[in-house]
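With compact mmCIF, C-alpha atoms and all ligand atoms inside, this is final.txt:
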```txt
# COMPACT_ATOMS: atom_id res chain seq x y z
CA MET A 25 33.30 -83.27 -0.94
CA GLU A 26 33.92 -80.76 -3.73
CA GLN A 27 31.25 -80.82 -6.47
CA ARG A 28 33.97 -80.17 -9.06
CA VAL A 29 35.74 -83.43 -8.11
CA VAL A 30 32.50 -85.42 -8.40
CA ARG A 31 31.65 -83.74 -11.73
CA GLU A 32 35.07 -84.61 -13.17
CA ALA A 33 34.86 -88.17 -11.82
CA GLY A 34 31.37 -88.46 -13.33
CA ALA A 35 32.73 -87.39 -16.73
CA MET A 36 35.42 -90.09 -16.49
CA LEU A 37 32.78 -92.70 -15.64
CA ALA A 38 30.52 -91.62 -18.52
CA GLN A 39 33.43 -92.09 -20.95
CA ALA A 40 34.56 -95.44 -19.56
CA ARG A 41 33.85 -98.58 -21.65
CA ARG A 42 35.07 -101.39 -19.36
CA VAL A 43 34.53 -100.75 -15.63
CA VAL A 44 35.36 -102.82 -12.55
CA VAL A 45 33.74 -101.87 -9.24
CA PHE A 46 35.80 -103.42 -6.39
CA THR A 47 34.14 -103.37 -2.97
CA GLY A 48 34.87 -104.08 0.68
CA ALA A 49 33.04 -103.95 3.97
CA GLY A 50 32.62 -100.16 3.81
CA VAL A 51 29.95 -100.42 1.09
CA SER A 52 27.73 -102.39 3.50
CA ALA A 53 28.49 -100.26 6.58
CA GLU A 54 25.52 -97.94 5.97
CA SER A 55 23.26 -101.03 5.83
CA GLY A 56 24.24 -101.75 9.45
CA VAL A 57 26.65 -104.59 8.61
CA PRO A 58 29.80 -104.15 10.80
CA THR A 59 33.08 -103.77 8.90
CA PHE A 60 36.15 -105.83 9.81
CA ARG A 61 37.65 -102.71 11.41
CA ASP A 62 34.67 -102.41 13.74
CA ALA A 63 35.40 -104.09 17.05
CA LEU A 64 33.52 -107.34 17.54
CA THR A 65 30.58 -107.22 19.96
CA GLY A 66 28.68 -109.55 22.32
CA LEU A 67 30.03 -113.06 22.77
CA TRP A 68 32.92 -112.28 20.40
CA ARG A 69 33.98 -108.90 21.85
CA SER A 70 37.21 -110.39 23.22
CA PHE A 71 38.12 -111.93 19.87
CA ASP A 72 39.88 -110.56 16.80
CA ALA A 73 38.03 -111.15 13.51
CA GLN A 74 41.19 -112.24 11.76
CA ARG A 75 41.72 -114.90 14.43
CA LEU A 76 38.10 -116.12 14.39
CA ALA A 77 37.98 -116.31 10.58
CA THR A 78 40.48 -119.21 10.48
CA PRO A 79 40.34 -123.00 10.10
CA GLU A 80 42.20 -123.27 13.42
CA ALA A 81 39.50 -121.34 15.32
CA PHE A 82 36.81 -123.59 13.80
CA ARG A 83 38.82 -126.71 14.67
CA ASP A 84 39.36 -125.54 18.28
CA ASP A 85 35.82 -124.26 18.93
CA PRO A 86 33.32 -124.98 16.11
CA ALA A 87 30.29 -123.78 18.12
CA LEU A 88 31.87 -120.37 18.79
CA VAL A 89 32.78 -119.84 15.12
CA TRP A 90 29.53 -121.27 13.70
CA GLY A 91 27.57 -119.10 16.17
CA TRP A 92 29.49 -116.02 14.88
CA TYR A 93 28.66 -116.75 11.26
CA GLU A 94 25.01 -117.48 12.03
CA TRP A 95 24.85 -114.12 13.89
CA ARG A 96 26.45 -112.36 10.89
CA ARG A 97 24.07 -114.16 8.47
CA ASP A 98 21.11 -113.07 10.60
CA THR A 99 22.42 -109.48 10.66
CA VAL A 100 22.72 -109.48 6.85
CA ARG A 101 19.28 -111.07 6.44
CA ARG A 102 17.74 -108.20 8.41
CA ALA A 103 19.79 -105.56 6.56
CA ARG A 104 18.77 -103.79 3.34
CA PRO A 105 20.94 -102.76 0.38
CA ASN A 106 21.79 -99.02 0.66
CA PRO A 107 21.99 -96.35 -2.11
CA GLY A 108 25.67 -97.31 -2.52
CA HIS A 109 24.79 -100.89 -3.54
CA VAL A 110 22.01 -99.55 -5.81
CA ALA A 111 24.46 -97.15 -7.53
CA VAL A 112 26.94 -100.00 -8.09
CA ALA A 113 24.19 -101.98 -9.86
CA ALA A 114 23.35 -98.86 -11.92
CA ILE A 115 26.98 -98.44 -13.01
CA GLU A 116 27.17 -102.16 -13.92
CA ALA A 117 23.98 -101.78 -16.01
CA ARG A 118 24.99 -98.60 -17.81
CA VAL A 119 28.57 -99.14 -18.95
CA PRO A 120 29.23 -101.38 -21.99
CA SER A 121 31.15 -103.81 -19.78
CA GLY A 122 30.70 -103.65 -16.01
CA VAL A 123 32.05 -106.18 -13.50
CA VAL A 124 31.54 -106.13 -9.71
CA VAL A 125 34.28 -107.77 -7.63
CA THR A 126 33.64 -107.96 -3.88
CA GLN A 127 35.44 -109.12 -0.77
CA ASN A 128 32.10 -109.10 1.07
CA VAL A 129 30.37 -112.33 2.07
CA ASP A 130 26.95 -110.66 2.28
CA ASP A 131 24.36 -110.75 -0.56
CA LEU A 132 23.54 -107.03 -0.62
CA HIS A 133 24.99 -106.45 -4.10
CA GLU A 134 22.73 -109.17 -5.50
CA ARG A 135 19.71 -107.80 -3.60
CA ALA A 136 20.44 -104.35 -5.06
CA GLY A 137 20.29 -105.80 -8.59
CA SER A 138 23.92 -106.58 -9.40
CA VAL A 139 23.97 -109.42 -11.92
CA ALA A 140 26.81 -111.75 -10.92
CA PRO A 141 29.21 -110.09 -8.52
CA ILE A 142 32.48 -112.02 -8.17
CA HIS A 143 32.81 -113.05 -4.49
CA LEU A 144 36.55 -113.39 -3.83
CA HIS A 145 36.02 -114.46 -0.20
CA GLY A 146 32.93 -116.64 -0.54
CA SER A 147 29.45 -116.15 0.89
CA LEU A 148 27.48 -116.49 4.13
CA PHE A 149 24.81 -118.32 2.11
CA ALA A 150 26.80 -121.31 0.81
CA PRO A 151 27.62 -123.64 3.73
CA ARG A 152 29.47 -126.86 2.92
CA CYS A 153 30.85 -129.90 4.69
CA SER A 154 34.29 -129.28 6.23
CA ALA A 155 35.21 -132.93 5.46
CA CYS A 156 33.78 -133.87 2.03
CA ALA A 157 33.06 -130.31 0.80
CA GLN A 158 29.55 -131.28 -0.27
CA PRO A 159 27.19 -128.26 -0.23
CA ALA A 160 24.90 -128.27 2.85
CA PRO A 161 21.42 -126.74 3.19
CA LEU A 162 21.13 -123.33 4.89
CA PRO A 163 19.88 -123.75 8.45
CA ASP A 164 16.25 -122.78 9.12
CA GLU A 165 15.74 -119.10 8.26
CA ALA A 166 13.37 -118.40 11.08
CA ALA A 167 16.01 -118.76 13.78
CA GLU A 168 16.60 -115.23 15.06
CA GLU A 169 20.06 -114.95 16.64
CA PRO A 170 20.23 -113.27 20.06
CA GLY A 171 21.72 -109.73 19.77
CA ASP A 172 24.80 -110.74 21.71
CA GLY A 173 25.19 -113.95 19.75
CA ARG A 174 25.48 -117.48 21.09
CA ARG A 175 27.53 -120.60 20.68
CA LEU A 176 25.83 -122.84 18.15
CA ALA A 177 26.90 -126.36 17.20
CA PRO A 178 27.33 -126.58 13.43
CA PRO A 179 24.99 -128.99 11.64
CA ARG A 180 26.27 -132.37 10.47
CA CYS A 181 26.82 -133.26 6.81
CA ALA A 182 24.09 -135.50 5.35
CA HIS A 183 26.73 -137.42 3.34
CA CYS A 184 29.57 -138.05 5.79
CA ALA A 185 28.37 -136.61 9.13
CA GLY A 186 31.30 -134.18 9.03
CA LEU A 187 30.88 -130.68 10.53
CA VAL A 188 29.25 -128.15 8.20
CA ARG A 189 31.29 -124.93 7.86
CA PRO A 190 30.48 -121.46 6.40
CA GLY A 191 31.22 -121.15 2.65
CA VAL A 192 33.69 -118.32 3.20
CA VAL A 193 37.47 -118.11 2.61
CA TRP A 194 39.27 -118.11 5.94
CA PHE A 195 42.69 -116.53 6.54
CA GLY A 196 45.35 -118.98 5.37
CA GLU A 197 42.99 -120.55 2.84
CA ALA A 198 43.25 -120.16 -0.93
CA LEU A 199 40.69 -118.03 -2.76
CA PRO A 200 38.39 -119.81 -5.24
CA SER A 201 40.67 -119.94 -8.31
CA ALA A 202 37.89 -119.24 -10.85
CA ALA A 203 36.80 -116.10 -8.96
CA LEU A 204 40.36 -114.83 -8.55
CA GLU A 205 41.18 -115.47 -12.22
CA ALA A 206 38.01 -113.71 -13.37
CA ALA A 207 38.76 -110.72 -11.12
CA VAL A 208 42.37 -110.42 -12.35
CA GLU A 209 41.16 -110.78 -15.94
CA ALA A 210 38.57 -108.01 -15.52
CA ALA A 211 41.05 -105.71 -13.72
CA SER A 212 43.73 -106.16 -16.40
CA ALA A 213 41.23 -105.38 -19.19
CA CYS A 214 39.31 -102.45 -17.65
CA ASP A 215 39.81 -98.74 -18.39
CA LEU A 216 38.36 -97.65 -15.03
CA LEU A 217 38.38 -99.36 -11.63
CA VAL A 218 36.31 -97.87 -8.80
CA THR A 219 37.40 -99.18 -5.39
CA VAL A 220 34.77 -98.65 -2.68
CA GLY A 221 34.96 -99.10 1.09
CA THR A 222 38.04 -101.25 1.40
CA SER A 223 41.13 -100.78 3.56
CA GLY A 224 43.17 -102.64 0.93
CA LEU A 225 45.04 -104.66 3.57
CA VAL A 226 43.96 -108.22 2.76
CA TYR A 227 45.80 -110.14 0.04
CA PRO A 228 45.61 -111.27 -2.67
CA ALA A 229 42.33 -109.26 -3.02
CA ALA A 230 44.16 -105.95 -2.47
CA GLU A 231 46.18 -106.70 -5.61
CA ILE A 232 43.14 -106.16 -7.85
CA PRO A 233 43.24 -102.32 -7.94
CA GLN A 234 47.02 -102.54 -8.40
CA VAL A 235 46.61 -104.86 -11.40
CA ALA A 236 44.22 -102.36 -12.99
CA ALA A 237 46.70 -99.50 -12.43
CA ARG A 238 49.56 -101.61 -13.81
CA PHE A 239 47.57 -102.21 -17.02
CA GLY A 240 46.93 -98.46 -17.44
CA ALA A 241 43.40 -98.12 -16.09
CA THR A 242 42.24 -95.07 -14.12
CA VAL A 243 41.69 -95.94 -10.44
CA MET A 244 39.02 -94.08 -8.46
CA GLN A 245 38.76 -94.58 -4.66
CA VAL A 246 35.59 -93.99 -2.61
CA ASN A 247 36.45 -94.03 1.11
CA PRO A 248 36.05 -91.49 3.91
CA GLN A 249 39.54 -92.44 5.11
CA GLU A 250 42.98 -92.65 3.55
CA THR A 251 44.11 -96.21 2.72
CA PRO A 252 47.21 -97.84 1.18
CA LEU A 253 45.24 -97.69 -2.11
CA ASP A 254 45.78 -93.92 -2.16
CA ALA A 255 49.09 -94.91 -3.77
CA VAL A 256 47.35 -96.20 -6.93
CA ALA A 257 44.26 -93.96 -6.90
CA ASP A 258 44.14 -91.23 -9.57
CA VAL A 259 40.94 -89.83 -8.04
CA ASN A 260 39.98 -89.88 -4.34
CA LEU A 261 36.33 -89.32 -3.40
CA ARG A 262 36.44 -88.93 0.37
CA GLY A 263 33.02 -89.72 1.68
CA PRO A 264 30.55 -92.49 2.53
CA ALA A 265 29.59 -94.82 -0.32
CA ALA A 266 25.82 -94.30 0.04
CA GLU A 267 26.35 -90.58 -0.62
CA VAL A 268 29.27 -90.54 -3.05
CA LEU A 269 28.20 -93.32 -5.45
CA PRO A 270 24.70 -91.95 -6.20
CA ALA A 271 26.31 -88.50 -6.74
CA LEU A 272 28.84 -90.09 -9.11
CA VAL A 273 26.07 -91.81 -11.13
CA GLN A 274 24.13 -88.55 -11.23
CA ALA A 275 27.24 -86.67 -12.42
CA ALA A 276 27.91 -89.29 -15.11
CA TRP A 277 24.44 -89.81 -16.55
CA GLY A 278 22.16 -87.24 -14.87
CA GLY A 279 18.72 -88.66 -14.07
CA ALA A 280 18.36 -90.16 -17.59
CA ASP A 281 17.29 -93.83 -17.57
CA PRO A 282 19.69 -96.37 -19.16
CA ALA A 283 19.22 -96.44 -22.97
C1 LIG A 301 45.93 -116.79 1.58
C2 LIG A 301 35.96 -113.95 4.53
C3 LIG A 301 47.43 -118.54 1.09
C4 LIG A 301 35.78 -114.46 5.92
C5 LIG A 301 38.09 -112.73 4.51
C6 LIG A 301 50.67 -110.72 1.49
C7 LIG A 301 51.05 -109.77 2.39
C8 LIG A 301 50.60 -109.88 3.74
C9 LIG A 301 49.75 -110.92 4.17
C10 LIG A 301 49.37 -111.84 3.26
C11 LIG A 301 49.85 -111.76 1.94
N1 LIG A 301 49.32 -112.80 1.26
C12 LIG A 301 48.53 -113.55 2.11
C13 LIG A 301 48.55 -112.97 3.34
C14 LIG A 301 47.83 -113.46 4.50
C15 LIG A 301 46.36 -112.97 4.53
C16 LIG A 301 46.33 -111.46 4.62
O1 LIG A 301 46.13 -110.76 3.65
N2 LIG A 301 46.51 -110.98 5.86
C17 LIG A 301 46.44 -109.51 6.06
C18 LIG A 301 45.47 -109.23 7.17
C19 LIG A 301 47.78 -108.99 6.45
N3 LIG A 301 45.63 -113.43 3.37
C20 LIG A 301 45.06 -114.67 3.45
O2 LIG A 301 45.15 -115.41 4.41
C21 LIG A 301 44.31 -115.12 2.21
N4 LIG A 301 44.67 -116.48 1.90
O3 LIG A 301 46.81 -115.98 1.48
O4 LIG A 301 46.09 -118.13 1.40
C22 LIG A 301 47.25 -119.79 0.38
C23 LIG A 301 47.49 -119.77 -0.98
C24 LIG A 301 47.39 -120.98 -1.65
C25 LIG A 301 47.04 -122.17 -0.98
C26 LIG A 301 46.76 -122.11 0.41
C27 LIG A 301 46.84 -120.89 1.09
C28 LIG A 301 42.77 -115.16 2.49
C29 LIG A 301 42.27 -113.82 2.84
C30 LIG A 301 40.72 -113.85 2.94
C31 LIG A 301 40.24 -113.94 4.36
N5 LIG A 301 38.78 -113.84 4.43
N6 LIG A 301 36.71 -112.69 4.53
C32 LIG A 301 34.86 -113.59 6.74
O5 LIG A 301 34.35 -112.57 6.23
O6 LIG A 301 34.65 -113.94 7.90
S1 LIG A 301 38.97 -111.22 4.55
C33 LIG A 301 37.81 -110.05 5.15
O7 LIG A 301 38.60 -109.03 5.71
C34 LIG A 301 36.96 -109.37 4.12
O8 LIG A 301 36.50 -110.25 3.13
C35 LIG A 301 37.90 -108.30 3.58
O9 LIG A 301 38.73 -108.83 2.58
C36 LIG A 301 38.75 -107.99 4.78
C37 LIG A 301 38.27 -106.73 5.43
O10 LIG A 301 38.73 -105.68 4.63
P1 LIG A 301 37.72 -104.57 4.06
O11 LIG A 301 36.60 -105.23 3.37
O12 LIG A 301 38.54 -103.60 3.37
O13 LIG A 301 37.08 -103.96 5.40
P2 LIG A 301 37.80 -103.18 6.57
O14 LIG A 301 36.90 -103.30 7.72
O15 LIG A 301 39.21 -103.59 6.69
O16 LIG A 301 37.83 -101.66 6.07
C38 LIG A 301 36.62 -101.01 5.80
C39 LIG A 301 36.99 -99.80 4.95
O17 LIG A 301 35.77 -99.15 4.60
C40 LIG A 301 37.85 -98.78 5.70
O18 LIG A 301 38.87 -98.31 4.84
C41 LIG A 301 36.87 -97.64 6.02
O19 LIG A 301 37.48 -96.39 6.00
C42 LIG A 301 35.86 -97.77 4.89
N7 LIG A 301 34.51 -97.33 5.20
C43 LIG A 301 33.87 -97.38 6.40
N8 LIG A 301 32.59 -96.89 6.26
C44 LIG A 301 32.44 -96.55 4.94
C45 LIG A 301 33.67 -96.85 4.27
N9 LIG A 301 33.84 -96.64 2.94
C46 LIG A 301 32.78 -96.10 2.25
N10 LIG A 301 31.58 -95.81 2.83
C47 LIG A 301 31.38 -96.00 4.16
N11 LIG A 301 30.21 -95.70 4.71
ZN ZN A 302 30.54 -134.36 4.29
```
As C-alpha cells, what does this structure read like?
Ligand code: BV8
Ligand code: ZN
Amino acid sequence: MEQRVVREAGAMLAQARRVVVFTGAGVSAESGVPTFRDALTGLWRSFDAQRLATPEAFRDDPALVWGWYEWRRDTVRRARPNPGHVAVAAIEARVPSGVVVTQNVDDLHERAGSVAPIHLHGSLFAPRCSACAQPAPLPDEAAEEPGDGRRLAPPRCAHCAGLVRPGVVWFGEALPSAALEAAVEAASACDLLVTVGTSGLVYPAAEIPQVAARFGATVMQVNPQETPLDAVADVNLRGPAAEVLPALVQAAWGGADPA
C-alpha cells in the first residue's frame, strides 16, 4: 500500500472532528475469528451461515444452531483483540467525537478498549429466552467446545422454561431500534466514516456508510478486496486491518500520546 495514500488519509483523520468507525467481520479475521465469507467448518461445513443464522433454523434444529453459537463464542473467548481493534480504540479516544458501529457479535472491540461500540447485530454474550425474551445467564465458561463443534441442546429459561437463544439478530429479524437509530444519527452527523473489513452486503447495516456519504462526510474504506462500498469510498486503503489501521493512526498522530 502506497505510503503517500496512508499519509494523506492520516492527515484527513487528524483534521476530522466527528468520526464513525464502521466494522465487519474482517476486523476480527486476524484474531482467528472466521468471517461470514469463510466457509463453515466441522459439523456445519455443509451449511450456509445465512441459512443457519435464522429463526427457522433454530426452530427446526435448536441443538445444531445453539451448538454453532457456543462454538463461535468459545472461538471468540480464546481469541485476542488484534492491532486493528487497538487502533480503532485509539481513534475513538483521540478524535473529539468518535463512535464505533459494528456488525460483529464478538466482544473484541470492548476488549481492545473501545468504550461503547454500537452492536447492530447483537452479541454472542447476551443470550435470552426465545419465548419471553428474558435475559438468560451465559452457560458455564469452562466448557471447551470440540474443534469440530457439536450439537448442544439450548438451556431452558428460568422464567418460562422456553428455549434460550443467542442474543444476535438473525436474518429476517429487525435490528435493535435504539442501536440502528444511534448508528444512523452518528453517520449523518460525522465528517469522516472509516469502514473496515465489511463486504457491505447485509442490510440495513450496509446503509450506514451510504448515509454518511449522503450527508457530505468523507468515506474511507479499509479492505484488501473491492466491495460495493467502493462506490461511496473517497479513499481506499487496500490491506489488512491489523496493518492498515495502526499505520493510519501513526500517520495521523505520530507516536504522540493522546493529549
Ligand atoms: C431484516 C448476526 C427485516 C448473526 C447478522 C435489502 C436488500 C437486500 C436484502 C435485504 C435488504 N433488506 C433486508 C434484507 C435481507 C437481509 C440481507 O441483508 N440479506 C443480504 C445477505 C442480501 N437483511 C436482514 O435479514 C436483516 N433483517 O431485514 O429484517 C425486518 C424489518 C422489520 C421487522 C422485521 C424484519 C438482518 C440482517 C442481520 C443478520 N445477522 N449477524 C450472526 O452473526 O450469526 S449479519 C452477519 O453477516 C454479520 O453481522 C455481518 O453483518 C454479515 C457479514 O458481513 P461482513 O461483516 O461484511 O463479513 P463478510 O464475511 O461478508 O466480509 C468480510 C469482509 O472483510 C470482506 O470484504 C473481506 O474482503 C474483508 N476482510 C477479510 N480479511 C480482512 C478483511 N478486511 C480487513 N482486514 C482483514 N484482515
Ligand atoms: Zn422465558
Surroundings of ligand ZN 302 (chain A) up to 12 Å, based on all atoms listed in the file, as a PyMOL selection string: chain A and resi 151-161+179-189
Saved selection, atoms kept: C-alpha atoms, as an mmCIF file, in the frame of the given file:
```
data_model
loop_
_atom_site.group_PDB
_atom_site.id
_atom_site.type_symbol
_atom_site.label_atom_id
_atom_site.label_comp_id
_atom_site.auth_asym_id
_atom_site.auth_seq_id
_atom_site.Cartn_x
_atom_site.Cartn_y
_atom_site.Cartn_z
ATOM 1 C CA PRO A 151 27.620 -123.640 3.730
ATOM 2 C CA ARG A 152 29.470 -126.860 2.920
ATOM 3 C CA CYS A 153 30.850 -129.900 4.690
ATOM 4 C CA SER A 154 34.290 -129.280 6.230
ATOM 5 C CA ALA A 155 35.210 -132.930 5.460
ATOM 6 C CA CYS A 156 33.780 -133.870 2.030
ATOM 7 C CA ALA A 157 33.060 -130.310 0.800
ATOM 8 C CA GLN A 158 29.550 -131.280 -0.270
ATOM 9 C CA PRO A 159 27.190 -128.260 -0.230
ATOM 10 C CA ALA A 160 24.900 -128.270 2.850
ATOM 11 C CA PRO A 161 21.420 -126.740 3.190
ATOM 12 C CA PRO A 179 24.990 -128.990 11.640
ATOM 13 C CA ARG A 180 26.270 -132.370 10.470
ATOM 14 C CA CYS A 181 26.820 -133.260 6.810
ATOM 15 C CA ALA A 182 24.090 -135.500 5.350
ATOM 16 C CA HIS A 183 26.730 -137.420 3.340
ATOM 17 C CA CYS A 184 29.570 -138.050 5.790
ATOM 18 C CA ALA A 185 28.370 -136.610 9.130
ATOM 19 C CA GLY A 186 31.300 -134.180 9.030
ATOM 20 C CA LEU A 187 30.880 -130.680 10.530
ATOM 21 C CA VAL A 188 29.250 -128.150 8.200
ATOM 22 C CA ARG A 189 31.290 -124.930 7.860
#
```
Residue contacts of stretch 32-37 of chain A (7 Å, all atoms listed in the file) excluding same-chain residues fewer than 5 positions away, as a PyMOL selection string: chain A and resi 272-273+275-276
Given all atoms listed in the file as the counted atoms, nearest of A:Gly50, A:Pro58, A:Gly171, A:Pro79 to ligand LIG 301 (chain A): A:Gly50
Within 7 Å of ligand LIG 301 (chain A), which residues show up when you count only C-alpha atoms and all ligand atoms? List them as a tab-separated table (two decimals) with C-alpha atoms, in the frame of the given file, please.
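Result went into out_24.tsv, see below:
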```
chain	number	residue	atom	x	y	z
A	48	GLY	CA	34.87	-104.08	0.68
A	49	ALA	CA	33.04	-103.95	3.97
A	50	GLY	CA	32.62	-100.16	3.81
A	51	VAL	CA	29.95	-100.42	1.09
A	53	ALA	CA	28.49	-100.26	6.58
A	54	GLU	CA	25.52	-97.94	5.97
A	59	THR	CA	33.08	-103.77	8.90
A	60	PHE	CA	36.15	-105.83	9.81
A	61	ARG	CA	37.65	-102.71	11.41
A	62	ASP	CA	34.67	-102.41	13.74
A	74	GLN	CA	41.19	-112.24	11.76
A	77	ALA	CA	37.98	-116.31	10.58
A	127	GLN	CA	35.44	-109.12	-0.77
A	128	ASN	CA	32.10	-109.10	1.07
A	129	VAL	CA	30.37	-112.33	2.07
A	145	HIS	CA	36.02	-114.46	-0.20
A	146	GLY	CA	32.93	-116.64	-0.54
A	192	VAL	CA	33.69	-118.32	3.20
A	193	VAL	CA	37.47	-118.11	2.61
A	194	TRP	CA	39.27	-118.11	5.94
A	195	PHE	CA	42.69	-116.53	6.54
A	196	GLY	CA	45.35	-118.98	5.37
A	197	GLU	CA	42.99	-120.55	2.84
A	198	ALA	CA	43.25	-120.16	-0.93
A	199	LEU	CA	40.69	-118.03	-2.76
A	220	VAL	CA	34.77	-98.65	-2.68
A	221	GLY	CA	34.96	-99.10	1.09
A	222	THR	CA	38.04	-101.25	1.40
A	223	SER	CA	41.13	-100.78	3.56
A	224	GLY	CA	43.17	-102.64	0.93
A	225	LEU	CA	45.04	-104.66	3.57
A	226	VAL	CA	43.96	-108.22	2.76
A	227	TYR	CA	45.80	-110.14	0.04
A	228	PRO	CA	45.61	-111.27	-2.67
A	229	ALA	CA	42.33	-109.26	-3.02
A	246	VAL	CA	35.59	-93.99	-2.61
A	247	ASN	CA	36.45	-94.03	1.11
A	248	PRO	CA	36.05	-91.49	3.91
A	249	GLN	CA	39.54	-92.44	5.11
A	251	THR	CA	44.11	-96.21	2.72
A	263	GLY	CA	33.02	-89.72	1.68
A	264	PRO	CA	30.55	-92.49	2.53
A	265	ALA	CA	29.59	-94.82	-0.32
A	266	ALA	CA	25.82	-94.30	0.04
```
Distance query A:Arg174 at most 12 Å, all atoms listed in the file, self and fewer than 6 positions along chain excluded, as a ChimeraX atom specification: /A:65-68,86-96,168
Nearest-residue call for A:Ser55, choices A:Val259, A:Val100, A:Val112, A:Leu253, using all atoms listed in the file: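 Residue with the minimum atom-to-atom distance to A:Ser55: A:Val100.
Atom pair atom CA of A:Pro270 / atom CA of A:Gly108 has a distance of 6.6 Å (rounded to one decimal).
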d(atom CA of A:Ala255, atom CA of A:Ala40) in Å: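 Going from atom CA of A:Ala255 over to atom CA of A:Ala40, I get 21.5 Å.
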Atomic distance atom CA of A:Ala136 - atom CA of A:Val110, expressed in Å with one decimal: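 Going from atom CA of A:Ala136 over to atom CA of A:Val110 covers 5.1 Å.
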List as a PDB file with C-alpha atoms, in the frame of the given file the protein and nucleic acid residues near A:Val218, meaning an atom at most 6 Å away when all atoms listed in the file are counted, but skip any in the same chain fewer than 5 places from it.
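That gives us around-v2.pdb:
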```pdb
ATOM      1  CA  VAL A  45      33.740-101.870  -9.240  1.00  0.00           C
ATOM      2  CA  VAL A 243      41.690 -95.940 -10.440  1.00  0.00           C
ATOM      3  CA  MET A 244      39.020 -94.080  -8.460  1.00  0.00           C
ATOM      4  CA  GLN A 245      38.760 -94.580  -4.660  1.00  0.00           C
TER       5      GLN A 245
END
```
Pick from A:Arg83, A:Ala38, A:Thr78, A:Ala230, whichever lies nearest to A:Pro178 using all atoms listed in the file: A:Arg83
Which residue of A:Thr219, A:Pro252, A:Ala211, A:Pro141 approaches A:Phe239 most closely, using all atoms listed in the file: A:Ala211
Nearest-residue call for A:Gly173, choices A:Thr99, A:Gln39, A:Thr47, A:Gln27, using all atoms listed in the file: A:Thr99
